[in-house]
>>> print(open('structure-v2.tsv').read())   # TSV, N, CA and C atoms and all ligand atoms
chain	number	residue	atom	x	y	z
E	277	MET	N	35.58	6.40	81.99
E	277	MET	CA	34.47	5.53	81.57
E	277	MET	C	33.51	6.34	80.68
E	278	ALA	N	33.07	5.77	79.58
E	278	ALA	CA	32.21	6.48	78.63
E	278	ALA	C	30.77	6.57	79.14
E	279	ASP	N	30.13	7.68	78.80
E	279	ASP	CA	28.74	7.86	79.19
E	279	ASP	C	27.82	7.33	78.09
E	280	THR	N	27.10	6.24	78.34
E	280	THR	CA	26.22	5.64	77.33
E	280	THR	C	24.75	5.93	77.61
E	281	SER	N	24.45	6.70	78.65
E	281	SER	CA	23.05	6.87	79.04
E	281	SER	C	22.24	7.66	78.02
E	282	THR	N	22.84	8.64	77.32
E	282	THR	CA	22.05	9.44	76.38
E	282	THR	C	21.67	8.66	75.13
E	283	THR	N	22.55	7.81	74.63
E	283	THR	CA	22.23	7.05	73.43
E	283	THR	C	21.11	6.05	73.69
E	284	ALA	N	21.07	5.48	74.86
E	284	ALA	CA	20.06	4.48	75.18
E	284	ALA	C	18.66	5.10	75.20
E	285	THR	N	18.52	6.33	75.65
E	285	THR	CA	17.19	6.91	75.76
E	285	THR	C	16.64	7.42	74.43
E	286	THR	N	17.49	7.74	73.46
E	286	THR	CA	16.98	8.27	72.20
E	286	THR	C	16.71	7.18	71.16
E	287	ALA	N	17.22	5.99	71.36
E	287	ALA	CA	17.15	4.95	70.34
E	287	ALA	C	15.73	4.50	70.02
E	288	THR	N	14.82	4.52	70.98
E	288	THR	CA	13.48	3.99	70.76
E	288	THR	C	12.48	5.02	70.26
E	289	THR	N	12.89	6.26	70.06
E	289	THR	CA	11.92	7.31	69.74
E	289	THR	C	11.77	7.58	68.24
E	290	THR	N	12.49	6.91	67.38
E	290	THR	CA	12.47	7.26	65.97
E	290	THR	C	11.19	6.84	65.27
E	291	ALA	N	10.69	5.64	65.52
E	291	ALA	CA	9.55	5.13	64.77
E	291	ALA	C	8.23	5.77	65.21
E	292	MET	N	8.05	6.02	66.47
E	292	MET	CA	6.77	6.50	66.98
E	292	MET	C	7.04	7.44	68.15
E	293	PRO	N	7.00	8.74	67.91
E	293	PRO	CA	7.40	9.68	68.94
E	293	PRO	C	6.40	9.80	70.09
E	294	GLY	N	5.15	9.46	69.85
E	294	GLY	CA	4.15	9.61	70.91
E	294	GLY	C	3.55	8.27	71.30
E	295	LYS	N	2.39	8.34	71.93
E	295	LYS	CA	1.73	7.12	72.38
E	295	LYS	C	0.45	6.83	71.60
E	296	TYR	N	0.16	7.64	70.57
E	296	TYR	CA	-1.05	7.43	69.77
E	296	TYR	C	-0.73	6.67	68.49
E	297	LYS	N	-1.53	5.65	68.23
E	297	LYS	CA	-1.40	4.88	67.00
E	297	LYS	C	-2.65	5.15	66.16
E	298	VAL	N	-2.44	5.53	64.90
E	298	VAL	CA	-3.59	5.82	64.03
E	298	VAL	C	-3.84	4.65	63.10
E	299	SER	N	-5.12	4.47	62.74
E	299	SER	CA	-5.48	3.52	61.70
E	299	SER	C	-6.66	4.11	60.93
E	300	VAL	N	-6.87	3.62	59.72
E	300	VAL	CA	-7.93	4.15	58.86
E	300	VAL	C	-8.95	3.05	58.57
E	301	LEU	N	-10.24	3.39	58.76
E	301	LEU	CA	-11.31	2.47	58.37
E	301	LEU	C	-11.64	2.76	56.90
E	302	ARG	N	-11.09	1.95	56.02
E	302	ARG	CA	-11.16	2.24	54.58
E	302	ARG	C	-12.60	2.33	54.08
E	303	ASP	N	-13.49	1.53	54.62
E	303	ASP	CA	-14.87	1.56	54.11
E	303	ASP	C	-15.59	2.85	54.49
E	304	LYS	N	-15.06	3.57	55.47
E	304	LYS	CA	-15.66	4.86	55.86
E	304	LYS	C	-15.02	6.04	55.13
E	305	CYS	N	-13.83	5.85	54.60
E	305	CYS	CA	-13.08	6.96	54.00
E	305	CYS	C	-13.71	7.37	52.68
E	306	ILE	N	-13.93	8.68	52.52
E	306	ILE	CA	-14.50	9.22	51.28
E	306	ILE	C	-13.48	10.04	50.50
E	307	GLY	N	-12.22	9.97	50.92
E	307	GLY	CA	-11.17	10.65	50.16
E	307	GLY	C	-11.18	12.16	50.28
E	308	ALA	N	-11.69	12.68	51.36
E	308	ALA	CA	-11.76	14.14	51.54
E	308	ALA	C	-10.38	14.77	51.71
E	309	ALA	N	-9.42	14.00	52.15
E	309	ALA	CA	-8.00	14.38	52.21
E	309	ALA	C	-7.66	15.46	53.24
E	310	SER	N	-8.56	15.77	54.13
E	310	SER	CA	-8.17	16.72	55.18
E	310	SER	C	-7.09	16.13	56.08
E	311	CYS	N	-7.11	14.83	56.27
E	311	CYS	CA	-6.05	14.20	57.07
E	311	CYS	C	-4.70	14.37	56.39
E	312	VAL	N	-4.67	14.25	55.07
E	312	VAL	CA	-3.42	14.40	54.32
E	312	VAL	C	-2.91	15.84	54.43
E	313	ALA	N	-3.83	16.79	54.37
E	313	ALA	CA	-3.45	18.20	54.46
E	313	ALA	C	-2.85	18.53	55.83
E	314	ILE	N	-3.39	17.94	56.88
E	314	ILE	CA	-2.93	18.25	58.24
E	314	ILE	C	-1.69	17.44	58.62
E	315	ALA	N	-1.65	16.19	58.24
E	315	ALA	CA	-0.53	15.33	58.64
E	315	ALA	C	-0.01	14.53	57.44
E	316	PRO	N	0.66	15.19	56.50
E	316	PRO	CA	1.11	14.50	55.27
E	316	PRO	C	2.20	13.45	55.50
E	317	LYS	N	2.87	13.50	56.67
E	317	LYS	CA	3.86	12.46	56.95
E	317	LYS	C	3.16	11.15	57.34
E	318	VAL	N	1.91	11.26	57.81
E	318	VAL	CA	1.20	10.10	58.34
E	318	VAL	C	0.25	9.50	57.31
E	319	PHE	N	-0.50	10.38	56.59
E	319	PHE	CA	-1.55	9.89	55.71
E	319	PHE	C	-1.24	10.18	54.24
E	320	GLY	N	-1.60	9.22	53.41
E	320	GLY	CA	-1.55	9.42	51.97
E	320	GLY	C	-2.85	8.92	51.38
E	321	LEU	N	-3.10	9.25	50.11
E	321	LEU	CA	-4.28	8.72	49.41
E	321	LEU	C	-3.80	7.74	48.35
E	322	ASP	N	-4.43	6.58	48.30
E	322	ASP	CA	-4.03	5.59	47.30
E	322	ASP	C	-4.80	5.82	45.99
E	323	LYS	N	-4.64	4.92	45.05
E	323	LYS	CA	-5.24	5.12	43.72
E	323	LYS	C	-6.77	5.06	43.78
E	324	ASP	N	-7.33	4.48	44.82
E	324	ASP	CA	-8.79	4.44	44.99
E	324	ASP	C	-9.30	5.64	45.80
E	325	GLN	N	-8.42	6.62	46.04
E	325	GLN	CA	-8.77	7.80	46.84
E	325	GLN	C	-9.19	7.43	48.26
E	326	LYS	N	-8.51	6.44	48.78
E	326	LYS	CA	-8.71	6.04	50.18
E	326	LYS	C	-7.42	6.34	50.93
E	327	ALA	N	-7.59	6.78	52.16
E	327	ALA	CA	-6.41	7.11	52.97
E	327	ALA	C	-5.69	5.84	53.42
E	328	PHE	N	-4.37	5.91	53.48
E	328	PHE	CA	-3.58	4.84	54.06
E	328	PHE	C	-2.50	5.46	54.94
E	329	ILE	N	-1.93	4.64	55.81
E	329	ILE	CA	-0.92	5.12	56.75
E	329	ILE	C	0.47	5.01	56.12
E	330	ILE	N	1.16	6.14	56.05
E	330	ILE	CA	2.53	6.15	55.56
E	330	ILE	C	3.48	5.85	56.72
E	331	SER	N	3.25	6.54	57.85
E	331	SER	CA	4.14	6.43	58.99
E	331	SER	C	3.39	6.85	60.25
E	332	GLN	N	3.84	6.34	61.38
E	332	GLN	CA	3.29	6.78	62.68
E	332	GLN	C	4.16	7.89	63.26
E	333	ASP	N	5.13	8.33	62.49
E	333	ASP	CA	6.15	9.26	62.98
E	333	ASP	C	5.64	10.70	62.94
E	334	GLU	N	4.79	11.03	63.88
E	334	GLU	CA	4.23	12.38	63.98
E	334	GLU	C	3.82	12.63	65.44
E	335	LEU	N	3.70	13.89	65.79
E	335	LEU	CA	3.28	14.23	67.15
E	335	LEU	C	1.84	13.79	67.39
E	336	ASP	N	1.55	13.38	68.62
E	336	ASP	CA	0.20	12.94	68.97
E	336	ASP	C	-0.84	14.02	68.66
E	337	ASP	N	-0.53	15.26	68.96
E	337	ASP	CA	-1.48	16.36	68.73
E	337	ASP	C	-1.86	16.47	67.26
E	338	MET	N	-0.89	16.26	66.38
E	338	MET	CA	-1.16	16.35	64.95
E	338	MET	C	-2.01	15.17	64.48
E	339	LYS	N	-1.74	14.01	65.02
E	339	LYS	CA	-2.55	12.84	64.69
E	339	LYS	C	-3.99	13.05	65.13
E	340	LEU	N	-4.16	13.59	66.33
E	340	LEU	CA	-5.51	13.82	66.84
E	340	LEU	C	-6.23	14.88	66.01
E	341	LEU	N	-5.53	15.94	65.65
E	341	LEU	CA	-6.12	17.00	64.83
E	341	LEU	C	-6.58	16.45	63.48
E	342	ALA	N	-5.74	15.63	62.88
E	342	ALA	CA	-6.09	15.02	61.59
E	342	ALA	C	-7.33	14.13	61.73
E	343	ALA	N	-7.36	13.34	62.79
E	343	ALA	CA	-8.51	12.45	63.00
E	343	ALA	C	-9.79	13.25	63.22
E	344	GLN	N	-9.68	14.33	63.97
E	344	GLN	CA	-10.86	15.16	64.26
E	344	GLN	C	-11.34	15.89	63.01
E	345	SER	N	-10.45	16.07	62.04
E	345	SER	CA	-10.83	16.76	60.81
E	345	SER	C	-11.57	15.86	59.83
E	346	CYS	N	-11.53	14.57	60.06
E	346	CYS	CA	-12.14	13.64	59.11
E	346	CYS	C	-13.67	13.73	59.20
E	347	PRO	N	-14.32	14.01	58.07
E	347	PRO	CA	-15.78	14.20	58.10
E	347	PRO	C	-16.58	12.93	58.37
E	348	THR	N	-15.95	11.76	58.20
E	348	THR	CA	-16.69	10.51	58.39
E	348	THR	C	-16.17	9.70	59.58
E	349	ALA	N	-15.30	10.28	60.38
E	349	ALA	CA	-14.71	9.60	61.54
E	349	ALA	C	-14.06	8.27	61.13
E	350	ALA	N	-13.34	8.33	60.00
E	350	ALA	CA	-12.70	7.12	59.48
E	350	ALA	C	-11.34	6.85	60.10
E	351	ILE	N	-10.85	7.80	60.90
E	351	ILE	CA	-9.53	7.63	61.52
E	351	ILE	C	-9.72	7.27	62.99
E	352	VAL	N	-9.13	6.17	63.39
E	352	VAL	CA	-9.22	5.70	64.77
E	352	VAL	C	-7.85	5.88	65.42
E	353	ILE	N	-7.86	6.44	66.63
E	353	ILE	CA	-6.62	6.60	67.38
E	353	ILE	C	-6.69	5.78	68.65
E	354	THR	N	-5.65	5.00	68.86
E	354	THR	CA	-5.54	4.17	70.05
E	354	THR	C	-4.31	4.59	70.84
E	355	ASN	N	-4.46	4.70	72.15
E	355	ASN	CA	-3.33	4.95	73.04
E	355	ASN	C	-2.65	3.61	73.28
E	356	ILE	N	-1.41	3.48	72.79
E	356	ILE	CA	-0.74	2.18	72.87
E	356	ILE	C	-0.29	1.84	74.29
E	357	GLU	N	-0.25	2.83	75.15
E	357	GLU	CA	0.16	2.56	76.54
E	357	GLU	C	-1.00	1.99	77.35
E	358	THR	N	-2.22	2.48	77.08
E	358	THR	CA	-3.37	2.05	77.87
E	358	THR	C	-4.30	1.12	77.11
E	359	GLY	N	-4.17	1.09	75.77
E	359	GLY	CA	-5.08	0.29	74.95
E	359	GLY	C	-6.41	0.98	74.70
E	360	GLU	N	-6.57	2.17	75.25
E	360	GLU	CA	-7.83	2.92	75.15
E	360	GLU	C	-7.98	3.56	73.77
E	361	GLN	N	-9.21	3.54	73.23
E	361	GLN	CA	-9.49	4.26	72.00
E	361	GLN	C	-9.68	5.74	72.34
E	362	VAL	N	-8.84	6.59	71.75
E	362	VAL	CA	-8.85	8.02	72.04
E	362	VAL	C	-9.84	8.76	71.12
E	363	TRP	N	-9.89	8.30	69.83
E	363	TRP	CA	-10.79	8.92	68.86
E	363	TRP	C	-11.26	7.90	67.86
E	364	PRO	N	-12.53	7.89	67.41
E	364	PRO	CA	-13.62	8.75	67.90
E	364	PRO	C	-14.04	8.35	69.31
E	365	ARG	N	-14.57	9.33	70.03
E	365	ARG	CA	-14.99	9.08	71.41
E	365	ARG	C	-16.37	8.43	71.44
E	401	LIG	S1	-10.03	12.87	56.19
E	401	LIG	FE1	-11.14	10.95	56.50
E	401	LIG	S2	-12.37	10.71	54.65
E	401	LIG	FE2	-10.77	12.21	54.21
E	401	LIG	S3	-9.11	11.02	53.30
E	401	LIG	FE3	-8.70	11.20	55.49
E	401	LIG	S4	-9.59	9.33	56.35
E	401	LIG	FE4	-10.47	9.60	54.34
>>> encode(input="structure-v2.tsv", output="structure tokens", more="lines below")
Ligand code: SF4
Amino acid sequence: MADTSTTATTATTTAMPGKYKVSVLRDKCIGAASCVAIAPKVFGLDKDQKAFIISQDELDDMKLLAAQSCPTAAIVITNIETGEQVWPR
């Protein structure tokens, strides 16, 4: 009998490896780009020099570090398991 248990557990981890979801408050963003420097897989700058989300595919610690680096607290992190806002506190 084939072992299917390993494939089942890895299938759901590709899109979002952690439990933190990031979003950007565009009206607060001043285009400082520290978020892009810390987490370039997650954040990009658009033509208006405002941050946008490329992907949620990053470690929670990196998302939190990027959010904490934002000088205007324009990055909001929510724990998708609890619904709690993690950052800003
Ligand atoms: S660090 Fe903050 S202000 Fe700078 S680009 Fe990112 S979201 Fe915008």
>>> atom_distance(input="structure-v2.tsv", atom1="atom C of E:Glu360", atom2="atom C of E:Gln325")
25.8 Å
>>> atom_distance(input="structure-v2.tsv", atom1="atom C of E:Val312", atom2="atom N of E:Thr358")
26.3 Å
>>> closest_residue(input="structure-v2.tsv", among="E:Ala315, E:Val300, E:Val362, E:Leu341", to="E:Ile329", atoms="all atoms listed in the file")
E:Val300
>>> residues_near_ligand(input="structure-v2.tsv", ligand="ligand LIG 401 (chain E)", cutoff="8 Å", atoms="only N, CA and C atoms and all ligand atoms", output="PyMOL selection string")
chain E and resi 299-302+304-313+319-321+325-328+342-352
>>> atom_distance(input="structure-v2.tsv", atom1="atom CA of E:Asp333", atom2="atom CA of E:Val298")
10.4 Å
>>> select_by_dssp(input="structure-v2.tsv", residues="chain E", states="helix (DSSP H, G or I)", output="list in words")
Ser281, Thr282, Thr283, Ala284, Thr285, Thr286, Ala287, Thr288, Thr289, Ser310, Cys311, Val312, Ala313, Ile314, Asp336, Asp337, Met338, Lys339, Leu340, Leu341, Ala342, Ala343, Gln344 and Ser345 of chain E
>>> select_by_dssp(input="structure-v2.tsv", residues="chain E", states="strand (DSSP E)", output="number ranges by chain")
E: 296-300, 319-321, 327-329, 351-355, 361-363
>>> closest_residue(input="structure-v2.tsv", among="E:Gly359, E:Ile314, E:Arg365, E:Asp336", to="E:Tyr296", atoms="only C-alpha atoms")
E:Asp336
>>> axis_aligned_box(input="structure-v2.tsv", around="stretch 359-365 of chain E", padding_each_side="3 Å", output="lines of an AutoDock Vina configuration file")
center_x = -10.3
center_y = 4.8
center_z = 71.6
size_x = 18.2
size_y = 15.0
size_z = 14.4
